[in-house]
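Q: The structure is given below, and queries will be raised subsequently.
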Amino acid sequence: MGQAAPVQQPGADAEPVELEDVEVTGTPLNSLIRNFVNEVAAPNRGRGLARWDKRLCIGVVNLRTEPAQYIADRVSTIAEDIGLEAGQPGCTPNVIVVASDNPSALAREMVEERRRAFRMGGSGMDRGGAALRAFEASEEPVRWWQVSMPTNSETGERAVRIPGECQGSCSSPLDAAPIINVFAASRLTTQIVDTIFRTIVILDVNQVDKVSLQQLADYVAMVTLAQIDPEAETRQYASILNVFETPDAAAGLTDWDTAYLQGLYDAQRTLKNGRAGRSEIVSSIRRAHGELQEQETD
């Protein structure tokens, strides 16, 4: 954002300027919420907003034991607050947080060595090749990559073909397609929802020391629990997503962030129309805001 042009000061003999009346109109909360959702939400192409289904297991590496444990515990606690289950010690991590003093080199190495972990090849499972290249080249303090999967909301089974996988004898193209038994789908609803199942977060140790450990952990929680656009412009909102630009703006997750996460996880996800699905999330976030305000006044 460029700096505003300096205002020229009038001389002592300058004629007074009469200003017209200015009407200041506040933006309705629903519009603010809708704008925030549209700005930060980054669903995979052609898919709805994804979220975790049940359990998270957080693994933090390349940090000292104490801060690593704090980040894992803090993200787990926030996950539990929105209804998820945190994995016990020794669980297999599906959220991996890695610290590095050369994060771009690490990102390139990880993608090169385990590309299928980033792009499994199934339709609608990631944000695409351009986004992955941006992940590798990012210069931000924190970068992240998520993989989600269209799943059957009734059974939890995947609802998309994975290249190289098949069922039965593998002699027919149909053997490569998942079998979906339809229970409750209609013209307006669908059983197929989008579920996050892997998040990789890389921390730049040369930059994250600008914020407190809680701020860092809450930022990691926000980009882990929701599909957040790395290029989102959020300065007009009170959000932990601004913490690296303005560290004093928030000590941790704000009410705005909490309402966003709670609304995302409370919302119905089985609407076929993507716009209707977002409207449901907006309404859910609005309800969460109302509940937070009631708690503050009690």
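Simple scheme: letters A, B, ... for chains in structure tokens order, numbers from 1 for residues in each chain, numbers from 1 for ligands in the order shown.
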Give me the residues within 12 Å of Arg235 of chain A as an MDAnalysis selection string, counting only C-alpha atoms and dropping any in the same chain fewer than 3 places off.
A: chainID A and resid 1 36 39:40 231:232 238:246 249:250
Q: Go ahead and save the residues from that selection, with N, CA, C and O atoms, as an mmCIF file, in the first residue's frame.
A:
data_model
loop_
_atom_site.group_PDB
_atom_site.id
_atom_site.type_symbol
_atom_site.label_atom_id
_atom_site.label_comp_id
_atom_site.auth_asym_id
_atom_site.auth_seq_id
_atom_site.Cartn_x
_atom_site.Cartn_y
_atom_site.Cartn_z
ATOM 1 N N MET A 1 0.849 -1.187 0.000
ATOM 2 C CA MET A 1 0.000 0.000 0.000
ATOM 3 C C MET A 1 0.882 1.234 0.000
ATOM 4 O O MET A 1 1.733 1.404 0.869
ATOM 5 N N PHE A 36 -14.637 -10.504 4.668
ATOM 6 C CA PHE A 36 -13.518 -11.207 5.283
ATOM 7 C C PHE A 36 -13.435 -12.639 4.756
ATOM 8 O O PHE A 36 -12.343 -13.119 4.401
ATOM 9 N N GLU A 39 -12.134 -12.650 1.318
ATOM 10 C CA GLU A 39 -10.728 -12.247 1.245
ATOM 11 C C GLU A 39 -9.796 -13.373 1.685
ATOM 12 O O GLU A 39 -8.789 -13.655 1.030
ATOM 13 N N VAL A 40 -10.091 -14.004 2.814
ATOM 14 C CA VAL A 40 -9.120 -14.932 3.391
ATOM 15 C C VAL A 40 -9.324 -16.378 2.964
ATOM 16 O O VAL A 40 -8.371 -17.162 2.967
ATOM 17 N N GLU A 231 -2.074 -14.661 0.368
ATOM 18 C CA GLU A 231 -2.001 -13.301 -0.170
ATOM 19 C C GLU A 231 -3.188 -12.439 0.276
ATOM 20 O O GLU A 231 -3.398 -11.358 -0.260
ATOM 21 N N ALA A 232 -3.940 -12.898 1.250
ATOM 22 C CA ALA A 232 -5.115 -12.149 1.710
ATOM 23 C C ALA A 232 -4.707 -10.800 2.292
ATOM 24 O O ALA A 232 -3.688 -10.676 2.976
ATOM 25 N N ALA A 238 -9.468 -6.903 12.618
ATOM 26 C CA ALA A 238 -8.720 -7.247 13.824
ATOM 27 C C ALA A 238 -8.450 -8.737 13.800
ATOM 28 O O ALA A 238 -9.280 -9.545 14.203
ATOM 29 N N SER A 239 -7.282 -9.125 13.318
ATOM 30 C CA SER A 239 -6.981 -10.539 13.115
ATOM 31 C C SER A 239 -5.534 -10.846 13.436
ATOM 32 O O SER A 239 -4.634 -10.024 13.218
ATOM 33 N N ILE A 240 -5.302 -12.052 13.930
ATOM 34 C CA ILE A 240 -3.939 -12.520 14.170
ATOM 35 C C ILE A 240 -3.149 -12.593 12.862
ATOM 36 O O ILE A 240 -1.913 -12.579 12.878
ATOM 37 N N LEU A 241 -3.839 -12.610 11.729
ATOM 38 C CA LEU A 241 -3.164 -12.689 10.437
ATOM 39 C C LEU A 241 -2.334 -11.437 10.146
ATOM 40 O O LEU A 241 -1.501 -11.455 9.236
ATOM 41 N N ASN A 242 -2.539 -10.375 10.920
ATOM 42 C CA ASN A 242 -1.775 -9.133 10.730
ATOM 43 C C ASN A 242 -0.552 -9.044 11.641
ATOM 44 O O ASN A 242 0.138 -8.028 11.638
ATOM 45 N N VAL A 243 -0.290 -10.080 12.424
ATOM 46 C CA VAL A 243 0.646 -9.941 13.530
ATOM 47 C C VAL A 243 2.081 -9.657 13.070
ATOM 48 O O VAL A 243 2.844 -8.985 13.784
ATOM 49 N N PHE A 244 2.475 -10.118 11.910
ATOM 50 C CA PHE A 244 3.853 -9.886 11.480
ATOM 51 C C PHE A 244 4.055 -8.479 10.928
ATOM 52 O O PHE A 244 5.184 -7.993 10.865
ATOM 53 N N GLU A 245 2.984 -7.824 10.533
ATOM 54 C CA GLU A 245 3.070 -6.422 10.116
ATOM 55 C C GLU A 245 2.917 -5.486 11.301
ATOM 56 O O GLU A 245 3.600 -4.470 11.384
ATOM 57 N N THR A 246 2.017 -5.833 12.209
ATOM 58 C CA THR A 246 1.766 -5.004 13.394
ATOM 59 C C THR A 246 1.694 -5.909 14.623
ATOM 60 O O THR A 246 0.616 -6.312 15.046
ATOM 61 N N ALA A 249 -0.845 -5.455 17.470
ATOM 62 C CA ALA A 249 -2.276 -5.404 17.156
ATOM 63 C C ALA A 249 -3.079 -6.473 17.886
ATOM 64 O O ALA A 249 -4.258 -6.267 18.197
ATOM 65 N N ALA A 250 -2.461 -7.615 18.165
ATOM 66 C CA ALA A 250 -3.204 -8.701 18.807
ATOM 67 C C ALA A 250 -2.237 -9.587 19.575
ATOM 68 O O ALA A 250 -1.184 -9.973 19.070
#
Q: Please provide as a ChimeraX atom specification all residues within 12 Å of Trp256 of chain A, with the sequence filter that same-chain residues fewer than 3 positions apart are discarded (counting only C-alpha atoms).
A: /A:29,32-33,36-37,222,234,236-241,250,252-253,259-263,285-293
Q: Taking only segment 13-138 of chain A into account, list the residues labelled strand (DSSP E) by DSSP (computed from the backbone), as a list in words.
A: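 DSSP on the backbone gives strand (DSSP E) at Arg51, Trp52, Arg55, Leu56, Ile58, Gly59, Val60, Val61, Glu85, Ala86, Val95, Ile96, Val97, Val98, Ala99 and Ser100 of chain A.
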Q: So the first atom is atom CA of Ile281 of chain A and the second is atom CA of Gly124 of chain A; what is the distance between them in Å, to one decimal place?
A: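 Atom CA of Gly124 of chain A lies at a distance of 20.0 Å from atom CA of Ile281 of chain A.
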Q: Please identify all polymer residues within 10 Å of Val223 of chain A, counting only C-alpha atoms, omitting same-chain residues fewer than 2 positions from it, and present them as a short mmCIF file (atom, residue, chain, number, x, y, z; two decimals) with N, CA, C and O atoms, in the first residue's frame.
A:
data_model
loop_
_atom_site.label_atom_id
_atom_site.label_comp_id
_atom_site.auth_asym_id
_atom_site.auth_seq_id
_atom_site.Cartn_x
_atom_site.Cartn_y
_atom_site.Cartn_z
N VAL A 142 5.93 -17.14 7.79
CA VAL A 142 5.26 -18.45 7.88
C VAL A 142 4.66 -18.76 6.51
O VAL A 142 4.02 -17.91 5.90
N ARG A 143 4.88 -19.96 6.03
CA ARG A 143 4.24 -20.41 4.80
C ARG A 143 3.57 -21.76 5.10
O ARG A 143 4.01 -22.49 6.00
N TRP A 144 2.53 -22.07 4.36
CA TRP A 144 1.80 -23.30 4.64
C TRP A 144 1.24 -23.90 3.36
O TRP A 144 1.04 -23.22 2.37
N TRP A 145 1.02 -25.21 3.44
CA TRP A 145 0.43 -25.95 2.32
C TRP A 145 -0.53 -26.99 2.90
O TRP A 145 -0.19 -27.70 3.83
N GLN A 146 -1.73 -27.02 2.34
CA GLN A 146 -2.74 -27.97 2.82
C GLN A 146 -3.20 -28.88 1.70
O GLN A 146 -3.26 -28.47 0.53
N THR A 199 -1.58 -30.72 6.73
CA THR A 199 -1.09 -29.34 6.66
C THR A 199 0.40 -29.34 6.96
O THR A 199 0.85 -29.96 7.93
N ILE A 200 1.14 -28.65 6.12
CA ILE A 200 2.59 -28.49 6.32
C ILE A 200 2.87 -27.00 6.50
O ILE A 200 2.51 -26.19 5.65
N VAL A 201 3.49 -26.65 7.62
CA VAL A 201 3.80 -25.25 7.94
C VAL A 201 5.30 -25.12 8.11
O VAL A 201 5.93 -25.92 8.82
N ASP A 218 -0.76 -19.06 17.73
CA ASP A 218 -2.12 -18.75 17.30
C ASP A 218 -2.18 -18.51 15.80
O ASP A 218 -3.16 -18.87 15.14
N TYR A 219 -1.14 -17.90 15.24
CA TYR A 219 -1.07 -17.73 13.79
C TYR A 219 -1.03 -19.09 13.11
O TYR A 219 -1.74 -19.34 12.13
N VAL A 220 -0.19 -19.98 13.63
CA VAL A 220 -0.11 -21.33 13.07
C VAL A 220 -1.46 -22.04 13.18
O VAL A 220 -1.89 -22.73 12.25
N ALA A 221 -2.15 -21.85 14.30
CA ALA A 221 -3.47 -22.47 14.46
C ALA A 221 -4.44 -21.96 13.40
O ALA A 221 -5.20 -22.74 12.81
N LEU A 225 -6.11 -24.63 10.81
CA LEU A 225 -7.49 -25.07 11.00
C LEU A 225 -8.42 -24.59 9.89
O LEU A 225 -9.54 -25.09 9.77
N ALA A 226 -7.99 -23.63 9.09
CA ALA A 226 -8.82 -23.12 8.00
C ALA A 226 -7.96 -22.96 6.75
O ALA A 226 -6.73 -22.86 6.84
N GLN A 227 -8.60 -22.93 5.60
CA GLN A 227 -7.89 -22.69 4.35
C GLN A 227 -7.74 -21.18 4.17
O GLN A 227 -8.68 -20.51 3.75
N ILE A 228 -6.58 -20.66 4.49
CA ILE A 228 -6.33 -19.22 4.48
C ILE A 228 -5.47 -18.87 3.27
O ILE A 228 -4.43 -19.50 3.02
N ASP A 229 -5.87 -17.84 2.55
CA ASP A 229 -5.12 -17.37 1.38
C ASP A 229 -3.85 -16.67 1.85
O ASP A 229 -3.92 -15.67 2.57
N PRO A 230 -2.67 -17.14 1.45
CA PRO A 230 -1.43 -16.48 1.87
C PRO A 230 -1.32 -15.03 1.40
O PRO A 230 -0.54 -14.25 1.97
N LEU A 241 -3.84 -12.61 11.73
CA LEU A 241 -3.16 -12.69 10.44
C LEU A 241 -2.33 -11.44 10.15
O LEU A 241 -1.50 -11.45 9.24
#
Q: So how far away is atom CA of Val95 of chain A from atom CA of Glu280 of chain A, in Å?
A: 27.1 Å
Q: With distances taken over only C-alpha atoms, which residue among A:Pro43, A:Pro28, A:Pro89, A:Gly83 lies nearest Cys57 of chain A?
A: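 Answer, going by the shortest atom-to-atom distance: A:Pro89.
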Q: From segment 75-115 of chain A, collect each residue whose DSSP state is helix (DSSP H, G or I) and return the set as a PyMOL selection string.
A: chain A and resi 75-81+103-113+115
Q: Based on the selection just made, write N, CA and C atoms of those residues as a tab-separated table (two decimals), in the first residue's frame.
A:
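Contents of the output file again24.tsv:
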chain	number	residue	atom	x	y	z
A	75	VAL	N	-2.03	-25.17	19.59
A	75	VAL	CA	-2.85	-25.49	18.40
A	75	VAL	C	-3.86	-26.57	18.74
A	76	SER	N	-3.46	-27.55	19.54
A	76	SER	CA	-4.37	-28.62	19.94
A	76	SER	C	-5.52	-28.08	20.77
A	77	THR	N	-5.22	-27.15	21.67
A	77	THR	CA	-6.27	-26.56	22.52
A	77	THR	C	-7.28	-25.79	21.69
A	78	ILE	N	-6.80	-24.99	20.75
A	78	ILE	CA	-7.71	-24.23	19.88
A	78	ILE	C	-8.54	-25.19	19.04
A	79	ALA	N	-7.94	-26.28	18.57
A	79	ALA	CA	-8.69	-27.28	17.81
A	79	ALA	C	-9.79	-27.89	18.67
A	80	GLU	N	-9.48	-28.21	19.90
A	80	GLU	CA	-10.49	-28.78	20.79
A	80	GLU	C	-11.62	-27.79	21.07
A	81	ASP	N	-11.30	-26.51	21.14
A	81	ASP	CA	-12.31	-25.49	21.40
A	81	ASP	C	-13.35	-25.41	20.29
A	103	PRO	N	14.19	-21.38	4.85
A	103	PRO	CA	12.91	-22.03	4.59
A	103	PRO	C	12.61	-22.30	3.12
A	104	SER	N	13.09	-21.44	2.22
A	104	SER	CA	12.82	-21.68	0.80
A	104	SER	C	13.55	-22.91	0.30
A	105	ALA	N	14.80	-23.07	0.72
A	105	ALA	CA	15.54	-24.27	0.35
A	105	ALA	C	14.88	-25.51	0.92
A	106	LEU	N	14.40	-25.41	2.16
A	106	LEU	CA	13.71	-26.54	2.78
A	106	LEU	C	12.43	-26.88	2.02
A	107	ALA	N	11.67	-25.85	1.66
A	107	ALA	CA	10.42	-26.08	0.93
A	107	ALA	C	10.68	-26.77	-0.40
A	108	ARG	N	11.69	-26.30	-1.13
A	108	ARG	CA	12.01	-26.92	-2.42
A	108	ARG	C	12.45	-28.37	-2.24
A	109	GLU	N	13.24	-28.61	-1.21
A	109	GLU	CA	13.71	-29.97	-0.96
A	109	GLU	C	12.55	-30.90	-0.61
A	110	MET	N	11.64	-30.41	0.24
A	110	MET	CA	10.50	-31.23	0.63
A	110	MET	C	9.62	-31.56	-0.57
A	111	VAL	N	9.36	-30.56	-1.41
A	111	VAL	CA	8.52	-30.79	-2.58
A	111	VAL	C	9.19	-31.74	-3.57
A	112	GLU	N	10.50	-31.58	-3.75
A	112	GLU	CA	11.22	-32.43	-4.69
A	112	GLU	C	11.25	-33.88	-4.22
A	113	GLU	N	11.49	-34.08	-2.93
A	113	GLU	CA	11.64	-35.44	-2.42
A	113	GLU	C	10.30	-36.13	-2.19
A	115	ARG	N	6.95	-35.12	-3.51
A	115	ARG	CA	5.97	-34.33	-4.25
A	115	ARG	C	4.55	-34.85	-4.07
Q: Could you jot down the atom CA of Ile202 of chain A to atom CA of Asp266 of chain A separation for me, Å, one decimal place?
A: 28.3 Å
